[in-house]
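Below is query-v3.txt, which holds compact mmCIF, C-alpha atoms.
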```
# COMPACT_ATOMS: atom_id res chain seq x y z
CA MET A 81 9.85 -24.69 -5.68
CA ALA A 82 9.90 -27.26 -8.47
CA GLU A 83 11.03 -30.81 -7.74
CA THR A 84 14.29 -32.18 -9.07
CA SER A 85 13.87 -34.22 -12.24
CA LYS A 86 13.33 -37.92 -11.54
CA TYR A 87 15.85 -38.65 -14.30
CA GLN A 88 18.74 -37.02 -12.47
CA LYS A 89 20.65 -40.03 -11.19
CA PHE A 90 23.72 -38.37 -9.70
CA GLU A 91 24.62 -36.28 -6.69
CA THR A 92 27.67 -34.13 -6.13
CA ASP A 93 30.30 -34.65 -3.48
CA VAL A 94 33.81 -33.48 -2.69
CA ILE A 95 36.32 -36.32 -2.47
CA ASN A 96 40.09 -36.68 -2.44
CA ARG A 97 41.89 -37.55 -5.64
CA SER A 98 43.23 -40.69 -3.98
CA GLU A 99 39.69 -42.12 -3.83
CA ILE A 100 39.38 -42.07 -7.62
CA ARG A 101 40.60 -45.12 -9.49
CA GLY A 102 40.97 -45.02 -13.26
CA ALA A 103 38.98 -47.80 -14.95
CA GLU A 104 41.48 -50.34 -16.31
CA TYR A 105 39.07 -51.24 -19.09
CA ASN A 106 38.68 -47.61 -20.26
CA PRO A 107 38.84 -47.84 -24.09
CA ARG A 108 39.72 -44.21 -24.74
CA VAL A 109 43.23 -43.08 -25.71
CA ILE A 110 44.49 -39.60 -26.55
CA SER A 111 47.31 -38.26 -28.72
CA GLU A 112 50.05 -36.11 -27.24
CA ASP A 113 48.88 -33.11 -29.28
CA ALA A 114 45.30 -33.43 -28.02
CA ARG A 115 46.57 -33.96 -24.47
CA LYS A 116 48.50 -30.69 -24.63
CA ARG A 117 45.48 -28.79 -25.96
CA LEU A 118 43.25 -30.21 -23.23
CA ARG A 119 45.76 -29.32 -20.51
CA LYS A 120 46.02 -25.78 -21.92
CA MET A 121 42.24 -25.38 -21.89
CA ILE A 122 41.94 -26.52 -18.25
CA ALA A 123 44.87 -24.32 -17.22
CA LYS A 124 43.10 -21.29 -18.69
CA HIS A 125 39.43 -21.95 -17.95
CA GLY A 126 39.64 -24.43 -15.10
CA LEU A 127 37.61 -27.62 -14.71
CA VAL A 128 34.08 -26.50 -15.67
CA GLN A 129 32.42 -29.92 -15.86
CA PRO A 130 32.57 -32.46 -13.02
CA LEU A 131 34.13 -35.87 -13.46
CA VAL A 132 31.74 -38.82 -13.04
CA TRP A 133 32.70 -41.29 -10.29
CA ASN A 134 31.05 -44.57 -9.31
CA ARG A 135 30.84 -44.82 -5.52
CA ARG A 136 30.15 -48.57 -5.64
CA THR A 137 33.38 -49.52 -7.43
CA GLY A 138 35.57 -46.46 -6.86
CA ASN A 139 36.12 -46.27 -10.63
CA LEU A 140 36.13 -43.11 -12.71
CA VAL A 141 33.28 -43.38 -15.22
CA ALA A 142 33.98 -40.30 -17.35
CA GLY A 143 36.83 -37.81 -17.36
CA HIS A 144 40.01 -39.89 -17.52
CA GLN A 145 41.81 -37.43 -19.81
CA ARG A 146 40.74 -34.40 -17.77
CA LEU A 147 41.87 -36.09 -14.54
CA ALA A 148 45.29 -36.80 -16.05
CA ALA A 149 45.52 -33.12 -17.05
CA LEU A 150 44.58 -32.07 -13.51
CA ASP A 151 47.25 -34.34 -12.02
CA SER A 152 49.78 -32.72 -14.33
CA LEU A 153 48.71 -29.20 -13.39
CA GLU A 154 48.51 -29.96 -9.66
CA ARG A 155 51.81 -31.86 -9.85
CA SER A 156 50.45 -34.35 -7.36
CA GLN A 157 47.54 -36.70 -6.68
CA ASP A 158 46.72 -35.20 -3.30
CA TYR A 159 43.94 -32.70 -3.78
CA ASP A 160 40.15 -32.51 -3.37
CA LEU A 161 37.63 -31.99 -6.15
CA GLN A 162 33.90 -32.03 -6.61
CA VAL A 163 32.58 -34.94 -8.64
CA ALA A 164 29.25 -36.20 -9.97
CA VAL A 165 28.61 -39.39 -7.99
CA VAL A 166 26.66 -42.37 -9.31
CA ASP A 167 26.06 -45.73 -7.64
CA VAL A 168 25.71 -48.37 -10.33
CA SER A 169 26.76 -51.92 -11.14
CA GLU A 170 30.01 -52.51 -13.01
CA ARG A 171 28.06 -53.49 -16.12
CA GLU A 172 26.07 -50.25 -16.15
CA GLU A 173 29.29 -48.38 -15.36
CA ARG A 174 30.89 -49.80 -18.49
CA VAL A 175 27.89 -48.82 -20.62
CA LEU A 176 28.02 -45.28 -19.24
CA ASN A 177 31.78 -45.12 -19.77
CA VAL A 178 31.28 -45.51 -23.51
CA GLN A 179 28.01 -43.58 -23.84
CA LEU A 180 29.39 -40.46 -22.16
CA ASN A 181 32.27 -40.37 -24.67
CA ASN A 182 30.30 -41.43 -27.74
CA PRO A 183 30.39 -38.64 -30.39
CA SER A 184 27.50 -40.21 -32.33
CA MET A 185 25.21 -39.43 -29.35
CA GLN A 186 26.36 -35.82 -29.02
CA GLY A 187 24.89 -34.24 -32.13
CA GLU A 188 26.56 -32.48 -35.04
CA TRP A 189 27.90 -29.01 -35.70
CA ASP A 190 25.85 -26.28 -37.36
CA LEU A 191 28.82 -24.66 -39.11
CA ASP A 192 27.05 -21.38 -39.81
CA LYS A 193 26.16 -20.93 -36.13
CA LEU A 194 29.65 -21.90 -35.05
CA THR A 195 31.18 -19.37 -37.40
CA THR A 196 28.82 -16.62 -36.23
CA LEU A 197 29.48 -17.51 -32.60
CA ALA A 198 33.23 -17.09 -33.06
CA GLU A 199 33.08 -13.94 -35.18
CA ASP A 200 30.65 -12.15 -32.85
CA ALA A 201 32.91 -12.75 -29.86
CA ALA A 202 36.21 -12.11 -31.72
CA ILE A 203 37.72 -15.36 -30.48
CA ALA A 204 41.41 -15.80 -31.24
CA PRO A 205 42.73 -19.05 -32.79
CA ASP A 206 44.85 -19.95 -29.75
CA GLU A 207 41.64 -20.29 -27.73
CA PHE A 208 40.39 -23.12 -29.90
CA GLY A 209 40.22 -26.75 -28.85
CA PHE A 210 40.34 -27.89 -32.47
CA SER A 211 43.67 -28.67 -34.11
CA ASP A 212 44.88 -26.64 -37.09
CA GLY A 213 43.94 -29.57 -39.31
CA ASP A 214 40.40 -29.66 -37.89
CA ILE A 215 39.90 -25.97 -38.62
CA ALA A 216 41.37 -26.08 -42.10
CA VAL A 217 39.59 -29.23 -43.27
CA LEU A 218 36.23 -28.93 -41.52
CA PHE A 219 35.62 -25.22 -41.32
CA GLY A 220 38.06 -23.38 -43.56
CA GLU A 221 41.15 -21.56 -42.34
CA GLU A 222 39.36 -18.23 -41.81
CA ARG A 223 36.55 -19.65 -39.70
CA VAL A 224 36.93 -19.40 -35.95
CA LEU A 225 35.44 -21.93 -33.50
CA ASN A 226 35.07 -21.99 -29.75
CA VAL A 227 33.47 -25.31 -28.83
CA GLN A 228 36.08 -26.84 -26.54
CA LEU A 229 33.72 -28.59 -24.18
CA ASN A 230 32.23 -30.66 -27.02
CA ASN A 231 35.31 -30.96 -29.20
CA PRO A 232 35.91 -34.63 -30.15
CA SER A 233 39.53 -33.92 -31.11
CA MET A 234 40.26 -33.12 -27.44
CA GLN A 235 38.41 -36.09 -26.00
CA GLY A 236 40.71 -38.87 -27.13
CA GLU A 237 40.08 -41.82 -29.41
CA TRP A 238 38.82 -45.37 -29.02
CA ASP A 239 41.23 -48.20 -28.16
CA LEU A 240 39.30 -50.79 -30.18
CA ASP A 241 40.82 -53.79 -28.40
CA LYS A 242 39.79 -52.44 -25.01
CA LEU A 243 36.38 -51.43 -26.33
CA THR A 244 35.79 -54.96 -27.64
CA THR A 245 37.03 -56.56 -24.42
CA LEU A 246 34.86 -54.22 -22.36
CA ALA A 247 31.77 -55.27 -24.32
CA GLU A 248 32.57 -58.99 -24.29
CA ASP A 249 33.42 -59.17 -20.56
CA ALA A 250 30.12 -57.59 -19.54
CA ALA A 251 28.02 -59.05 -22.40
CA ILE A 252 27.16 -55.57 -23.66
CA ALA A 253 25.82 -55.27 -27.22
CA PRO A 254 27.32 -52.37 -29.22
CA ASP A 255 23.95 -50.68 -29.63
CA GLU A 256 23.73 -50.34 -25.82
CA PHE A 257 26.69 -47.97 -26.03
CA GLY A 258 24.65 -45.70 -28.30
CA PHE A 259 26.53 -46.50 -31.50
CA SER A 260 24.65 -46.43 -34.79
CA ASP A 261 24.82 -49.38 -37.18
CA GLY A 262 27.35 -47.47 -39.26
CA ASP A 263 29.49 -46.73 -36.19
CA ILE A 264 29.46 -50.41 -35.24
CA ALA A 265 30.52 -51.51 -38.70
CA VAL A 266 33.41 -49.03 -38.82
CA LEU A 267 34.60 -49.33 -35.21
CA PHE A 268 34.33 -53.05 -34.65
CA GLY A 269 34.95 -54.41 -38.14
CA ASP A 270 33.68 -57.66 -39.60
CA GLU A 271 35.09 -60.20 -37.13
CA ARG A 272 34.50 -58.15 -34.00
CA LEU A 273 31.00 -57.24 -35.10
CA ASP A 274 30.08 -60.89 -35.74
CA GLU A 275 31.31 -61.81 -32.28
CA LEU A 276 29.26 -59.13 -30.55
CA MET A 277 25.93 -59.18 -32.40
CA SER A 278 24.09 -60.67 -35.33
CA ASP A 279 23.99 -58.54 -38.43
CA THR A 280 20.87 -56.61 -39.22
CA PRO A 281 20.21 -56.00 -42.93
CA GLU A 282 21.35 -52.40 -42.42
CA VAL A 283 24.65 -53.46 -40.81
CA ALA A 284 25.33 -56.06 -43.49
CA GLU A 285 24.87 -53.42 -46.18
CA ALA A 286 26.88 -50.83 -44.26
CA LYS A 287 29.83 -53.17 -43.70
CA ASN A 288 30.30 -53.74 -47.42
CA SER A 289 30.06 -50.09 -48.37
CA LEU A 290 32.08 -48.73 -45.44
CA ARG A 291 35.11 -51.02 -45.59
CA GLU A 292 36.66 -49.18 -48.53
CA ILE A 293 35.67 -45.80 -47.06
CA LYS A 294 37.34 -46.69 -43.76
CA GLU A 295 40.61 -47.45 -45.57
CA HIS A 296 40.44 -44.24 -47.60
CA ARG A 297 39.68 -42.20 -44.51
CA ALA A 298 42.60 -43.69 -42.56
CA GLU A 299 44.93 -42.91 -45.46
CA SER A 300 43.64 -39.34 -45.78
CA MET A 301 43.91 -38.68 -42.04
CA ALA A 302 47.48 -40.02 -41.94
CA LYS A 303 48.53 -37.74 -44.79
CA MET A 304 46.76 -34.75 -43.23
CA GLN A 305 48.59 -35.29 -39.95
CA GLU A 306 51.94 -35.46 -41.74
CA ALA A 307 51.43 -32.15 -43.46
CA GLN A 308 48.51 -30.13 -42.14
CA SER A 309 49.70 -27.01 -43.93
CA ALA A 310 49.87 -28.69 -47.33
CA ASP A 311 47.54 -27.64 -50.12
CA PHE A 312 46.48 -31.08 -51.34
CA TYR A 313 43.05 -30.83 -49.71
CA PHE A 314 40.18 -28.39 -50.09
CA THR A 315 36.78 -27.71 -48.54
CA VAL A 316 33.52 -28.18 -50.41
CA VAL A 317 30.75 -25.84 -49.21
CA CYS A 318 27.18 -26.98 -49.92
CA GLU A 319 24.16 -24.70 -49.89
CA SER A 320 22.25 -26.91 -47.44
CA ASP A 321 22.46 -30.09 -45.41
CA ALA A 322 20.19 -31.78 -47.96
CA GLN A 323 22.58 -30.89 -50.77
CA LYS A 324 25.55 -32.19 -48.78
CA LYS A 325 23.80 -35.50 -48.20
CA ALA A 326 22.88 -35.74 -51.88
CA VAL A 327 26.49 -35.14 -52.93
CA LEU A 328 27.83 -37.74 -50.50
CA LYS A 329 25.18 -40.22 -51.59
CA ALA A 330 26.21 -39.75 -55.22
CA LEU A 331 29.80 -40.50 -54.20
CA GLY A 332 28.70 -43.59 -52.30
CA VAL A 333 29.77 -42.11 -48.96
CA PRO A 334 27.70 -42.11 -45.71
CA ASP A 335 26.16 -38.70 -45.00
CA TRP A 336 27.88 -38.54 -41.59
CA GLU A 337 31.38 -38.79 -43.11
CA SER A 338 33.58 -35.68 -42.75
CA PHE A 339 36.54 -36.77 -44.88
CA VAL A 340 36.47 -38.14 -48.43
CA ASN A 341 39.57 -39.50 -50.11
CA GLY A 342 40.50 -37.66 -53.32
CA ARG A 343 41.11 -40.95 -55.10
CA LEU A 344 37.48 -41.91 -54.50
CA VAL A 345 36.21 -38.57 -55.85
CA ALA A 346 38.56 -38.72 -58.84
CA GLY A 347 37.35 -42.23 -59.64
CA ARG A 348 33.73 -41.14 -59.56
CA LEU A 349 34.52 -38.17 -61.82
CA GLY A 350 36.66 -40.24 -64.16
CA VAL A 351 39.79 -38.06 -63.71
```

Before we go any further, please render this structure as structure tokens.
Amino acid sequence: MAETSKYQKFETDVINRSEIRGAEYNPRVISEDARKRLRKMIAKHGLVQPLVWNRRTGNLVAGHQRLAALDSLERSQDYDLQVAVVDVSEREERVLNVQLNNPSMQGEWDLDKLTTLAEDAAIAPDEFGFSDGDIAVLFGEERVLNVQLNNPSMQGEWDLDKLTTLAEDAAIAPDEFGFSDGDIAVLFGDERLDELMSDTPEVAEAKNSLREIKEHRAESMAKMQEAQSADFYFTVVCESDAQKKAVLKALGVPDWESFVNGRLVAGRLGV
């Protein structure tokens, strides 16, 4: 029988809900719409991934939103559940808290495979974890996706003040969380970034180019949320990833960006 990997640093145990304390510094927040979708998924499929709990501090490391959904479904905080148990310092706990929720460390979607996956299994739209806006903007209204376990729109968002405080209190550099230079520039902004780390040439260049993009993206997202069924947006389908990157580069947009403001495109096209 093969030996367990030396890199597996957790064990499983069954503990009572009362032993789990939510980390006060947790920098993730979640919208009411995403909370409802997450609760619906757990109600249908159950909890299929264990929460991560630090035995040394009693803090929950990963799974705050899922635990809140469980409390709601159980209608109490008196139940047992199996958790992945780690035993780490509070500093390492904070690093793991961010890393385990960091989308930039979780890969990207292959849209063709996602579409095929959904079509082959005839998955209905109400089984999706993505919002209607996600499906319409990212994949087209006729494409069907079933990727709930890795769906960022169901995993909450960053509370930037808490994220900054978390890093400062434990002297954690942003790159220890797994963020790329571009992520750091967008998430932390100029002042926060200067406080946490010295600029590399790449970050300095990214900060200047991403500031305007960040503003455009926030404006586009706000409008999309106000009227997801409106027809003021459209999807551009490229023939390859290389072509997509070339188009975004020509527009002056990072190749990881999913949303581009129409005003930016119109300006580049002179319309």

**Study point:** Shell of 10 Å around range 152-154 of chain A, only C-alpha atoms, local chain residues under 6 positions omitted, as an MDAnalysis selection string
**Key:** chainID A and resid 119:120 122:123 146

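CA of Trp189 in chain A sits 28.2 Å away from CA of Leu140 in chain A.
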
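Taking all atoms listed in the file into account, Asp249 in chain A lies nearest to A:Tyr105 out of the set A:Asp158, A:Asp335, A:Tyr105, A:Gly350.
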
Check your understanding: CA of Ser211 in chain A to CA of Lys242 in chain A: how many Å, to one decimal?
Key ->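 Interatomic distance here is 25.7 Å.
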
Check your understanding: Mind pulling up the distance from CA of Leu161 in chain A to CA of Ala103 in chain A?
Key -> 18.1 Å

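Take the candidates A:Leu328, A:Leu176, A:Met121, A:Val128 and check each one against Ala142 in chain A using only C-alpha atoms; the shortest distance goes to A:Leu176.
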
**Study point:** Residue among A:Val345, A:Val168, A:Val109, A:Val351 lying closest to Gly143 in chain A, counting all atoms listed in the file
**Key:**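 Between A:Val345, A:Val168, A:Val109, A:Val351, the residue approaching Gly143 in chain A most closely is A:Val109.
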
**Study point:** Residue contacts of Ser169 in chain A (12 Å, all atoms listed in the file) excluding same-chain residues fewer than 2 positions away, as a PyMOL selection string
**Key:** chain A and resi 134-139+141+166-167+171-176+250
